[in-house]
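A.B. asks: Here it is: the structure, laid out below.
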Amino acid sequence: MILGYDFFDRDVLEVAPDLVGKILVRRTENGEVRERIAETEAYRGEEDTACHASKGRTQRTEVMYHDSGTVYVYLCYGMHWLMNIVTGGKDNPQAVLIRAGVEYNGPAKLTKKLGVDKAFNDVSIVGNEEICIEDDGYRPKIKTDKRVGIDYATEEYRNKKWRFIAEG
């Protein structure tokens, strides 16, 4: 079953763990790439100092204020595209970072394998022929941990266990 708008139109702290175990599907003229999501991170609005939206609406973060299910892609370290999916509803800037797949253990490796770049920014993943997320019923056991690479955030938000990881 392909995930629809209602799946993403929930609080990021519900969507992020629920995405673990789902299958990210990317279709191109050369075929299809399927990767089971193994790890996600939640970024929860302007109050979350680790979230890009903590600085408010900017040209970069505007997409986070769009409809749930919108893809938010940004360049990290000037060389890696990272993929997020907006949750929480319009004007409520929350997003889930797709941090790793089973085969690709980092967000940059995953987007490179899938061929995801800035062209996908501000595109809906719902009803999309090129990229979607499927639920085949698999439900892994999930552990939580601190998010990675957010040293700039306040201590409160650095210590939140908003990273969701499939065990085993």
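To be explicit about the labels: the chains of the structure tokens are called A, B, and onward in the order shown, and within each one the residues are counted from 1, while ligands get numbers from 1 in the order they are shown.
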When you look at A:Tyr5 with a cut-off of 10 Å (counting only C-alpha atoms), what residues show up, excluding the ones that are within fewer than 4 positions of it in the same chain? I need them as JSON, numbers by chain.
C.D. replies: {"A": [9, 10, 67, 68, 69, 70, 87, 89, 124, 125, 126, 127]}
A.B. asks: Just want the 9 Å neighbourhood of A:Ala153, counted on only C-alpha atoms, with same-chain residues fewer than 6 positions away dropped. Output as a ChimeraX atom specification.
C.D. replies: /A:48-51
A.B. asks: Just N, CA and C atoms for this one: save the residues we selected as an mmCIF file, in the first residue's frame.
C.D. replies:
```
data_model
loop_
_atom_site.group_PDB
_atom_site.id
_atom_site.type_symbol
_atom_site.label_atom_id
_atom_site.label_comp_id
_atom_site.auth_asym_id
_atom_site.auth_seq_id
_atom_site.Cartn_x
_atom_site.Cartn_y
_atom_site.Cartn_z
ATOM 1 N N ASP A 48 11.955 23.962 18.256
ATOM 2 C CA ASP A 48 13.036 22.968 18.245
ATOM 3 C C ASP A 48 14.287 23.643 17.665
ATOM 4 N N THR A 49 15.264 23.929 18.512
ATOM 5 C CA THR A 49 16.452 24.668 18.063
ATOM 6 C C THR A 49 17.346 23.858 17.119
ATOM 7 N N ALA A 50 17.084 22.578 16.953
ATOM 8 C CA ALA A 50 17.801 21.763 15.970
ATOM 9 C C ALA A 50 17.131 21.802 14.600
ATOM 10 N N CYS A 51 15.899 22.287 14.563
ATOM 11 C CA CYS A 51 15.110 22.332 13.331
ATOM 12 C C CYS A 51 15.482 23.560 12.517
#
```
A.B. asks: Among chain A, which residues does DSSP mark as strand (DSSP E) when it is run on the backbone? Keep the chain and numbering as in the structure and answer as a PDB file with N, CA, C and O atoms, in the first residue's frame.
C.D. replies:
```pdb
ATOM      1  N   ILE A  23       9.016   1.267   2.904  1.00  0.00           N
ATOM      2  CA  ILE A  23       9.895   1.148   1.738  1.00  0.00           C
ATOM      3  C   ILE A  23       9.835   2.418   0.900  1.00  0.00           C
ATOM      4  O   ILE A  23       8.759   2.814   0.432  1.00  0.00           O
ATOM      5  N   LEU A  24      10.984   3.042   0.731  1.00  0.00           N
ATOM      6  CA  LEU A  24      11.117   4.209  -0.133  1.00  0.00           C
ATOM      7  C   LEU A  24      11.346   3.698  -1.553  1.00  0.00           C
ATOM      8  O   LEU A  24      12.238   2.880  -1.790  1.00  0.00           O
ATOM      9  N   VAL A  25      10.515   4.148  -2.473  1.00  0.00           N
ATOM     10  CA  VAL A  25      10.558   3.668  -3.858  1.00  0.00           C
ATOM     11  C   VAL A  25      10.851   4.845  -4.777  1.00  0.00           C
ATOM     12  O   VAL A  25      10.182   5.873  -4.724  1.00  0.00           O
ATOM     13  N   ARG A  26      11.874   4.668  -5.619  1.00  0.00           N
ATOM     14  CA  ARG A  26      12.245   5.694  -6.606  1.00  0.00           C
ATOM     15  C   ARG A  26      12.230   5.051  -7.974  1.00  0.00           C
ATOM     16  O   ARG A  26      12.931   4.064  -8.211  1.00  0.00           O
ATOM     17  N   ARG A  27      11.395   5.595  -8.868  1.00  0.00           N
ATOM     18  CA  ARG A  27      11.279   5.066 -10.231  1.00  0.00           C
ATOM     19  C   ARG A  27      11.926   6.031 -11.221  1.00  0.00           C
ATOM     20  O   ARG A  27      11.687   7.231 -11.162  1.00  0.00           O
ATOM     21  N   THR A  28      12.723   5.467 -12.127  1.00  0.00           N
ATOM     22  CA  THR A  28      13.338   6.252 -13.203  1.00  0.00           C
ATOM     23  C   THR A  28      13.171   5.493 -14.510  1.00  0.00           C
ATOM     24  O   THR A  28      12.685   4.349 -14.514  1.00  0.00           O
ATOM     25  N   GLY A  31      14.695   2.064 -14.347  1.00  0.00           N
ATOM     26  CA  GLY A  31      14.171   1.043 -13.452  1.00  0.00           C
ATOM     27  C   GLY A  31      13.764   1.608 -12.107  1.00  0.00           C
ATOM     28  O   GLY A  31      13.564   2.813 -11.955  1.00  0.00           O
ATOM     29  N   GLU A  32      13.681   0.715 -11.145  1.00  0.00           N
ATOM     30  CA  GLU A  32      13.161   1.070  -9.827  1.00  0.00           C
ATOM     31  C   GLU A  32      14.178   0.727  -8.739  1.00  0.00           C
ATOM     32  O   GLU A  32      14.794  -0.327  -8.778  1.00  0.00           O
ATOM     33  N   VAL A  33      14.338   1.635  -7.784  1.00  0.00           N
ATOM     34  CA  VAL A  33      15.170   1.393  -6.607  1.00  0.00           C
ATOM     35  C   VAL A  33      14.235   1.361  -5.410  1.00  0.00           C
ATOM     36  O   VAL A  33      13.402   2.263  -5.242  1.00  0.00           O
ATOM     37  N   ARG A  34      14.373   0.318  -4.591  1.00  0.00           N
ATOM     38  CA  ARG A  34      13.549   0.166  -3.395  1.00  0.00           C
ATOM     39  C   ARG A  34      14.475   0.027  -2.192  1.00  0.00           C
ATOM     40  O   ARG A  34      15.387  -0.784  -2.218  1.00  0.00           O
ATOM     41  N   GLU A  35      14.223   0.804  -1.169  1.00  0.00           N
ATOM     42  CA  GLU A  35      15.071   0.757   0.021  1.00  0.00           C
ATOM     43  C   GLU A  35      14.202   0.878   1.272  1.00  0.00           C
ATOM     44  O   GLU A  35      13.420   1.815   1.415  1.00  0.00           O
ATOM     45  N   ARG A  36      14.356  -0.110   2.154  1.00  0.00           N
ATOM     46  CA  ARG A  36      13.605  -0.085   3.413  1.00  0.00           C
ATOM     47  C   ARG A  36      14.225   0.955   4.347  1.00  0.00           C
ATOM     48  O   ARG A  36      15.437   0.974   4.555  1.00  0.00           O
ATOM     49  N   ILE A  37      13.399   1.811   4.906  1.00  0.00           N
ATOM     50  CA  ILE A  37      13.854   2.867   5.809  1.00  0.00           C
ATOM     51  C   ILE A  37      14.246   2.240   7.144  1.00  0.00           C
ATOM     52  O   ILE A  37      13.457   1.541   7.772  1.00  0.00           O
ATOM     53  N   ALA A  38      15.486   2.508   7.577  1.00  0.00           N
ATOM     54  CA  ALA A  38      16.009   1.927   8.812  1.00  0.00           C
ATOM     55  C   ALA A  38      16.160   2.959   9.935  1.00  0.00           C
ATOM     56  O   ALA A  38      16.284   2.571  11.097  1.00  0.00           O
ATOM     57  N   GLU A  39      16.150   4.232   9.570  1.00  0.00           N
ATOM     58  CA  GLU A  39      16.390   5.254  10.597  1.00  0.00           C
ATOM     59  C   GLU A  39      15.816   6.594  10.141  1.00  0.00           C
ATOM     60  O   GLU A  39      15.944   6.973   8.979  1.00  0.00           O
ATOM     61  N   THR A  40      15.176   7.285  11.080  1.00  0.00           N
ATOM     62  CA  THR A  40      14.628   8.622  10.825  1.00  0.00           C
ATOM     63  C   THR A  40      14.968   9.539  11.990  1.00  0.00           C
ATOM     64  O   THR A  40      15.328   9.069  13.076  1.00  0.00           O
ATOM     65  N   GLU A  41      14.831  10.829  11.763  1.00  0.00           N
ATOM     66  CA  GLU A  41      14.944  11.820  12.834  1.00  0.00           C
ATOM     67  C   GLU A  41      13.796  12.808  12.702  1.00  0.00           C
ATOM     68  O   GLU A  41      13.413  13.176  11.587  1.00  0.00           O
ATOM     69  N   ALA A  42      13.267  13.232  13.851  1.00  0.00           N
ATOM     70  CA  ALA A  42      12.162  14.186  13.885  1.00  0.00           C
ATOM     71  C   ALA A  42      12.677  15.591  14.178  1.00  0.00           C
ATOM     72  O   ALA A  42      13.513  15.773  15.075  1.00  0.00           O
ATOM     73  N   TYR A  43      12.165  16.548  13.429  1.00  0.00           N
ATOM     74  CA  TYR A  43      12.451  17.966  13.646  1.00  0.00           C
ATOM     75  C   TYR A  43      11.109  18.671  13.781  1.00  0.00           C
ATOM     76  O   TYR A  43      10.281  18.594  12.876  1.00  0.00           O
ATOM     77  N   ARG A  44      10.915  19.328  14.941  1.00  0.00           N
ATOM     78  CA  ARG A  44       9.555  19.684  15.362  1.00  0.00           C
ATOM     79  C   ARG A  44       9.332  21.181  15.567  1.00  0.00           C
ATOM     80  O   ARG A  44       9.139  21.643  16.683  1.00  0.00           O
ATOM     81  N   VAL A  71       8.145  17.008   0.022  1.00  0.00           N
ATOM     82  CA  VAL A  71       9.551  16.645   0.192  1.00  0.00           C
ATOM     83  C   VAL A  71      10.360  17.927   0.407  1.00  0.00           C
ATOM     84  O   VAL A  71      10.180  18.907  -0.314  1.00  0.00           O
ATOM     85  N   TYR A  72      11.218  17.893   1.418  1.00  0.00           N
ATOM     86  CA  TYR A  72      12.129  19.003   1.718  1.00  0.00           C
ATOM     87  C   TYR A  72      13.545  18.467   1.554  1.00  0.00           C
ATOM     88  O   TYR A  72      13.981  17.600   2.304  1.00  0.00           O
ATOM     89  N   VAL A  73      14.243  18.934   0.513  1.00  0.00           N
ATOM     90  CA  VAL A  73      15.609  18.505   0.231  1.00  0.00           C
ATOM     91  C   VAL A  73      16.527  19.698   0.425  1.00  0.00           C
ATOM     92  O   VAL A  73      16.245  20.793  -0.065  1.00  0.00           O
ATOM     93  N   TYR A  74      17.617  19.493   1.147  1.00  0.00           N
ATOM     94  CA  TYR A  74      18.581  20.580   1.329  1.00  0.00           C
ATOM     95  C   TYR A  74      19.996  20.046   1.179  1.00  0.00           C
ATOM     96  O   TYR A  74      20.248  18.848   1.309  1.00  0.00           O
ATOM     97  N   LEU A  75      20.897  20.966   0.887  1.00  0.00           N
ATOM     98  CA  LEU A  75      22.301  20.639   0.697  1.00  0.00           C
ATOM     99  C   LEU A  75      23.023  20.737   2.037  1.00  0.00           C
ATOM    100  O   LEU A  75      22.947  21.752   2.721  1.00  0.00           O
ATOM    101  N   CYS A  76      23.728  19.685   2.400  1.00  0.00           N
ATOM    102  CA  CYS A  76      24.466  19.616   3.661  1.00  0.00           C
ATOM    103  C   CYS A  76      25.959  19.656   3.353  1.00  0.00           C
ATOM    104  O   CYS A  76      26.427  18.924   2.474  1.00  0.00           O
ATOM    105  N   HIS A  80      26.159  17.315  -0.053  1.00  0.00           N
ATOM    106  CA  HIS A  80      25.260  16.161   0.101  1.00  0.00           C
ATOM    107  C   HIS A  80      23.804  16.618   0.169  1.00  0.00           C
ATOM    108  O   HIS A  80      23.466  17.466   0.988  1.00  0.00           O
ATOM    109  N   TRP A  81      22.957  16.011  -0.660  1.00  0.00           N
ATOM    110  CA  TRP A  81      21.524  16.284  -0.598  1.00  0.00           C
ATOM    111  C   TRP A  81      20.913  15.392   0.464  1.00  0.00           C
ATOM    112  O   TRP A  81      21.157  14.180   0.478  1.00  0.00           O
ATOM    113  N   LEU A  82      20.105  15.962   1.356  1.00  0.00           N
ATOM    114  CA  LEU A  82      19.409  15.199   2.393  1.00  0.00           C
ATOM    115  C   LEU A  82      17.907  15.374   2.193  1.00  0.00           C
ATOM    116  O   LEU A  82      17.432  16.465   1.886  1.00  0.00           O
ATOM    117  N   MET A  83      17.173  14.279   2.403  1.00  0.00           N
ATOM    118  CA  MET A  83      15.739  14.268   2.124  1.00  0.00           C
ATOM    119  C   MET A  83      14.915  14.187   3.396  1.00  0.00           C
ATOM    120  O   MET A  83      15.155  13.329   4.252  1.00  0.00           O
ATOM    121  N   ASN A  84      13.953  15.066   3.484  1.00  0.00           N
ATOM    122  CA  ASN A  84      12.995  15.110   4.589  1.00  0.00           C
ATOM    123  C   ASN A  84      11.595  15.082   4.009  1.00  0.00           C
ATOM    124  O   ASN A  84      11.390  15.447   2.855  1.00  0.00           O
ATOM    125  N   ILE A  85      10.624  14.733   4.847  1.00  0.00           N
ATOM    126  CA  ILE A  85       9.227  14.796   4.444  1.00  0.00           C
ATOM    127  C   ILE A  85       8.487  15.634   5.481  1.00  0.00           C
ATOM    128  O   ILE A  85       8.581  15.379   6.692  1.00  0.00           O
ATOM    129  N   VAL A  86       7.773  16.634   5.005  1.00  0.00           N
ATOM    130  CA  VAL A  86       7.033  17.545   5.867  1.00  0.00           C
ATOM    131  C   VAL A  86       5.844  16.819   6.491  1.00  0.00           C
ATOM    132  O   VAL A  86       5.155  16.034   5.837  1.00  0.00           O
ATOM    133  N   THR A  87       5.615  17.103   7.770  1.00  0.00           N
ATOM    134  CA  THR A  87       4.483  16.527   8.513  1.00  0.00           C
ATOM    135  C   THR A  87       3.788  17.651   9.279  1.00  0.00           C
ATOM    136  O   THR A  87       4.211  18.794   9.248  1.00  0.00           O
ATOM    137  N   GLN A  94       7.238  21.044  10.561  1.00  0.00           N
ATOM    138  CA  GLN A  94       7.811  19.809  11.091  1.00  0.00           C
ATOM    139  C   GLN A  94       8.269  18.972   9.907  1.00  0.00           C
ATOM    140  O   GLN A  94       7.665  19.025   8.841  1.00  0.00           O
ATOM    141  N   ALA A  95       9.319  18.178  10.117  1.00  0.00           N
ATOM    142  CA  ALA A  95       9.786  17.314   9.031  1.00  0.00           C
ATOM    143  C   ALA A  95      10.534  16.117   9.592  1.00  0.00           C
ATOM    144  O   ALA A  95      11.132  16.189  10.669  1.00  0.00           O
ATOM    145  N   VAL A  96      10.489  15.027   8.851  1.00  0.00           N
ATOM    146  CA  VAL A  96      11.217  13.804   9.176  1.00  0.00           C
ATOM    147  C   VAL A  96      12.391  13.684   8.218  1.00  0.00           C
ATOM    148  O   VAL A  96      12.193  13.655   6.997  1.00  0.00           O
ATOM    149  N   LEU A  97      13.594  13.606   8.765  1.00  0.00           N
ATOM    150  CA  LEU A  97      14.776  13.317   7.967  1.00  0.00           C
ATOM    151  C   LEU A  97      14.846  11.814   7.754  1.00  0.00           C
ATOM    152  O   LEU A  97      14.783  11.041   8.726  1.00  0.00           O
ATOM    153  N   ILE A  98      14.953  11.391   6.513  1.00  0.00           N
ATOM    154  CA  ILE A  98      15.166   9.975   6.211  1.00  0.00           C
ATOM    155  C   ILE A  98      16.670   9.772   6.359  1.00  0.00           C
ATOM    156  O   ILE A  98      17.456  10.118   5.483  1.00  0.00           O
ATOM    157  N   ARG A  99      17.080   9.235   7.501  1.00  0.00           N
ATOM    158  CA  ARG A  99      18.490   9.197   7.888  1.00  0.00           C
ATOM    159  C   ARG A  99      19.252   8.000   7.312  1.00  0.00           C
ATOM    160  O   ARG A  99      20.440   8.089   7.049  1.00  0.00           O
ATOM    161  N   ALA A 100      18.583   6.864   7.149  1.00  0.00           N
ATOM    162  CA  ALA A 100      19.280   5.676   6.631  1.00  0.00           C
ATOM    163  C   ALA A 100      18.285   4.649   6.112  1.00  0.00           C
ATOM    164  O   ALA A 100      17.142   4.594   6.555  1.00  0.00           O
ATOM    165  N   GLY A 101      18.793   3.851   5.188  1.00  0.00           N
ATOM    166  CA  GLY A 101      18.072   2.678   4.735  1.00  0.00           C
ATOM    167  C   GLY A 101      18.805   1.448   5.239  1.00  0.00           C
ATOM    168  O   GLY A 101      19.869   1.555   5.850  1.00  0.00           O
ATOM    169  N   ILE A 131       8.528   9.021  -7.010  1.00  0.00           N
ATOM    170  CA  ILE A 131       8.988   8.684  -5.663  1.00  0.00           C
ATOM    171  C   ILE A 131       7.776   8.546  -4.737  1.00  0.00           C
ATOM    172  O   ILE A 131       6.845   9.356  -4.790  1.00  0.00           O
ATOM    173  N   CYS A 132       7.794   7.492  -3.943  1.00  0.00           N
ATOM    174  CA  CYS A 132       6.702   7.262  -3.001  1.00  0.00           C
ATOM    175  C   CYS A 132       7.226   6.388  -1.858  1.00  0.00           C
ATOM    176  O   CYS A 132       8.369   5.928  -1.877  1.00  0.00           O
ATOM    177  N   ILE A 133       6.375   6.188  -0.874  1.00  0.00           N
ATOM    178  CA  ILE A 133       6.716   5.297   0.235  1.00  0.00           C
ATOM    179  C   ILE A 133       5.601   4.278   0.369  1.00  0.00           C
ATOM    180  O   ILE A 133       4.415   4.625   0.404  1.00  0.00           O
ATOM    181  N   GLU A 134       6.005   3.008   0.439  1.00  0.00           N
ATOM    182  CA  GLU A 134       5.059   1.903   0.551  1.00  0.00           C
ATOM    183  C   GLU A 134       5.110   1.277   1.935  1.00  0.00           C
ATOM    184  O   GLU A 134       6.150   1.261   2.590  1.00  0.00           O
ATOM    185  N   ILE A 142      11.816  -0.798  17.389  1.00  0.00           N
ATOM    186  CA  ILE A 142      12.499   0.486  17.221  1.00  0.00           C
ATOM    187  C   ILE A 142      13.119   0.925  18.542  1.00  0.00           C
ATOM    188  O   ILE A 142      12.489   0.829  19.597  1.00  0.00           O
ATOM    189  N   LYS A 143      14.356   1.415  18.442  1.00  0.00           N
ATOM    190  CA  LYS A 143      14.990   2.044  19.594  1.00  0.00           C
ATOM    191  C   LYS A 143      15.145   3.528  19.291  1.00  0.00           C
ATOM    192  O   LYS A 143      15.123   3.944  18.125  1.00  0.00           O
ATOM    193  N   THR A 144      15.272   4.325  20.323  1.00  0.00           N
ATOM    194  CA  THR A 144      15.442   5.768  20.143  1.00  0.00           C
ATOM    195  C   THR A 144      16.821   6.191  20.619  1.00  0.00           C
ATOM    196  O   THR A 144      17.450   5.517  21.435  1.00  0.00           O
ATOM    197  N   ASP A 145      17.261   7.323  20.098  1.00  0.00           N
ATOM    198  CA  ASP A 145      18.552   7.884  20.496  1.00  0.00           C
ATOM    199  C   ASP A 145      18.528   9.380  20.197  1.00  0.00           C
ATOM    200  O   ASP A 145      17.569   9.893  19.615  1.00  0.00           O
ATOM    201  N   ARG A 163      15.558  10.396  17.425  1.00  0.00           N
ATOM    202  CA  ARG A 163      16.074   9.558  16.327  1.00  0.00           C
ATOM    203  C   ARG A 163      15.483   8.179  16.540  1.00  0.00           C
ATOM    204  O   ARG A 163      15.506   7.632  17.642  1.00  0.00           O
ATOM    205  N   PHE A 164      14.927   7.589  15.486  1.00  0.00           N
ATOM    206  CA  PHE A 164      14.225   6.313  15.552  1.00  0.00           C
ATOM    207  C   PHE A 164      14.939   5.315  14.660  1.00  0.00           C
ATOM    208  O   PHE A 164      15.088   5.551  13.456  1.00  0.00           O
ATOM    209  N   ILE A 165      15.376   4.194  15.250  1.00  0.00           N
ATOM    210  CA  ILE A 165      16.267   3.251  14.572  1.00  0.00           C
ATOM    211  C   ILE A 165      15.679   1.832  14.645  1.00  0.00           C
ATOM    212  O   ILE A 165      15.324   1.362  15.726  1.00  0.00           O
ATOM    213  N   ALA A 166      15.620   1.176  13.490  1.00  0.00           N
ATOM    214  CA  ALA A 166      15.185  -0.223  13.470  1.00  0.00           C
ATOM    215  C   ALA A 166      16.238  -1.096  14.139  1.00  0.00           C
ATOM    216  O   ALA A 166      17.429  -0.955  13.869  1.00  0.00           O
TER     217      ALA A 166
END
```
A.B. asks: Can you work out which one of A:Gly168, A:Pro93, A:Gly115, A:Gly106 has the shortest atom-to-atom distance to A:Thr58, counting only C-alpha atoms?
C.D. replies: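 That would be A:Pro93, the residue with the smallest distance to A:Thr58.
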A.B. asks: Identify which of the residues A:Glu129, A:Gly88, A:Ser54, A:Tyr77 lies closest to A:Ala16, counting only C-alpha atoms when measuring atom-to-atom distances.
C.D. replies: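 Of A:Glu129, A:Gly88, A:Ser54, A:Tyr77, the one nearest A:Ala16 is A:Gly88, counting only C-alpha atoms.
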A.B. asks: Could you write out, as a list in words, all the residues of stretch 4-87 of chain A that DSSP marks as alpha helix (DSSP H)?
C.D. replies: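 Filtering stretch 4-87 of chain A to alpha helix (DSSP H) leaves Tyr5, Asp6, Phe7, Phe8, Val12, Leu13, Glu14, Val15, Ala16, Pro17, Asp18 and Leu19 of chain A.
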A.B. asks: Output all heavy atoms of each residue in that selection to a file, as a compact mmCIF listing (two decimals), in the first residue's frame.
C.D. replies:
```txt
# COMPACT_ATOMS: atom_id res chain seq x y z
N TYR A 5 -1.72 11.06 2.01
CA TYR A 5 -1.65 12.32 2.75
C TYR A 5 -1.93 12.14 4.24
O TYR A 5 -1.24 12.71 5.07
CB TYR A 5 -2.64 13.32 2.11
CG TYR A 5 -2.72 14.62 2.86
CD1 TYR A 5 -1.74 15.60 2.69
CD2 TYR A 5 -3.76 14.89 3.73
CE1 TYR A 5 -1.79 16.80 3.37
CE2 TYR A 5 -3.84 16.08 4.42
CZ TYR A 5 -2.84 17.03 4.24
OH TYR A 5 -2.89 18.21 4.93
N ASP A 6 -2.94 11.36 4.59
CA ASP A 6 -3.32 11.19 6.00
C ASP A 6 -2.20 10.62 6.85
O ASP A 6 -2.08 10.93 8.03
CB ASP A 6 -4.57 10.31 6.14
CG ASP A 6 -5.82 11.01 5.64
OD1 ASP A 6 -5.80 12.25 5.48
OD2 ASP A 6 -6.82 10.31 5.40
N PHE A 7 -1.35 9.79 6.26
CA PHE A 7 -0.22 9.23 7.01
C PHE A 7 0.72 10.35 7.44
O PHE A 7 1.19 10.37 8.58
CB PHE A 7 0.54 8.21 6.15
CG PHE A 7 1.74 7.64 6.86
CD1 PHE A 7 1.63 6.50 7.64
CD2 PHE A 7 2.99 8.26 6.76
CE1 PHE A 7 2.72 5.99 8.32
CE2 PHE A 7 4.09 7.74 7.43
CZ PHE A 7 3.96 6.61 8.21
N PHE A 8 1.01 11.28 6.55
CA PHE A 8 1.98 12.34 6.83
C PHE A 8 1.37 13.51 7.60
O PHE A 8 2.10 14.27 8.23
CB PHE A 8 2.60 12.84 5.52
CG PHE A 8 3.33 11.76 4.78
CD1 PHE A 8 2.78 11.18 3.66
CD2 PHE A 8 4.56 11.30 5.23
CE1 PHE A 8 3.43 10.17 2.98
CE2 PHE A 8 5.22 10.29 4.56
CZ PHE A 8 4.66 9.72 3.44
N VAL A 12 5.05 15.08 13.84
CA VAL A 12 6.30 14.44 13.44
C VAL A 12 6.73 13.33 14.40
O VAL A 12 7.36 12.35 13.99
CB VAL A 12 7.41 15.50 13.25
CG1 VAL A 12 7.88 16.06 14.58
CG2 VAL A 12 8.57 14.94 12.45
N LEU A 13 6.39 13.46 15.68
CA LEU A 13 6.78 12.43 16.65
C LEU A 13 5.95 11.15 16.51
O LEU A 13 6.29 10.13 17.09
CB LEU A 13 6.72 12.97 18.08
CG LEU A 13 7.73 14.08 18.37
CD1 LEU A 13 7.57 14.61 19.78
CD2 LEU A 13 9.16 13.61 18.13
N GLU A 14 4.89 11.20 15.73
CA GLU A 14 4.14 9.99 15.36
C GLU A 14 4.64 9.45 14.02
O GLU A 14 4.82 8.25 13.86
CB GLU A 14 2.64 10.30 15.25
CG GLU A 14 1.99 10.71 16.54
CD GLU A 14 0.55 11.14 16.34
OE1 GLU A 14 -0.08 10.73 15.33
OE2 GLU A 14 0.04 11.90 17.17
N VAL A 15 4.85 10.35 13.06
CA VAL A 15 5.24 9.93 11.71
C VAL A 15 6.65 9.35 11.67
O VAL A 15 6.88 8.32 11.04
CB VAL A 15 5.11 11.11 10.71
CG1 VAL A 15 5.57 10.69 9.32
CG2 VAL A 15 3.67 11.63 10.67
N ALA A 16 7.60 10.00 12.36
CA ALA A 16 9.01 9.56 12.27
C ALA A 16 9.20 8.09 12.66
O ALA A 16 9.81 7.34 11.90
CB ALA A 16 9.91 10.48 13.09
N PRO A 17 8.68 7.64 13.81
CA PRO A 17 8.86 6.21 14.11
C PRO A 17 8.03 5.31 13.19
O PRO A 17 8.45 4.19 12.88
CB PRO A 17 8.41 6.09 15.57
CG PRO A 17 7.57 7.28 15.85
CD PRO A 17 8.08 8.36 14.94
N ASP A 18 6.88 5.80 12.74
CA ASP A 18 6.04 4.99 11.86
C ASP A 18 6.66 4.79 10.47
O ASP A 18 6.31 3.84 9.77
CB ASP A 18 4.65 5.61 11.70
CG ASP A 18 3.77 5.40 12.93
OD1 ASP A 18 4.19 4.68 13.86
OD2 ASP A 18 2.66 5.98 12.95
N LEU A 19 7.56 5.68 10.06
CA LEU A 19 8.23 5.52 8.76
C LEU A 19 9.31 4.43 8.79
O LEU A 19 9.64 3.87 7.74
CB LEU A 19 8.87 6.84 8.31
CG LEU A 19 7.93 7.81 7.60
CD1 LEU A 19 8.63 9.14 7.37
CD2 LEU A 19 7.44 7.23 6.28
```
A.B. asks: Of the residues A:Lys109, A:Met79, A:Asn128, A:Arg60, which is the one nearest to A:Leu3, using only C-alpha atoms?
C.D. replies: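 Residue with the minimum atom-to-atom distance to A:Leu3: A:Asn128.
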A.B. asks: What gap, in Å, lies between atom CA of A:Ala119 and atom CA of A:Glu47?
C.D. replies: 28.4 Å
A.B. asks: Can you tell me how far atom CA of A:Trp162 sits from atom CA of A:His52, in Å to one decimal?
C.D. replies: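 Those two atoms sit 15.1 Å apart.
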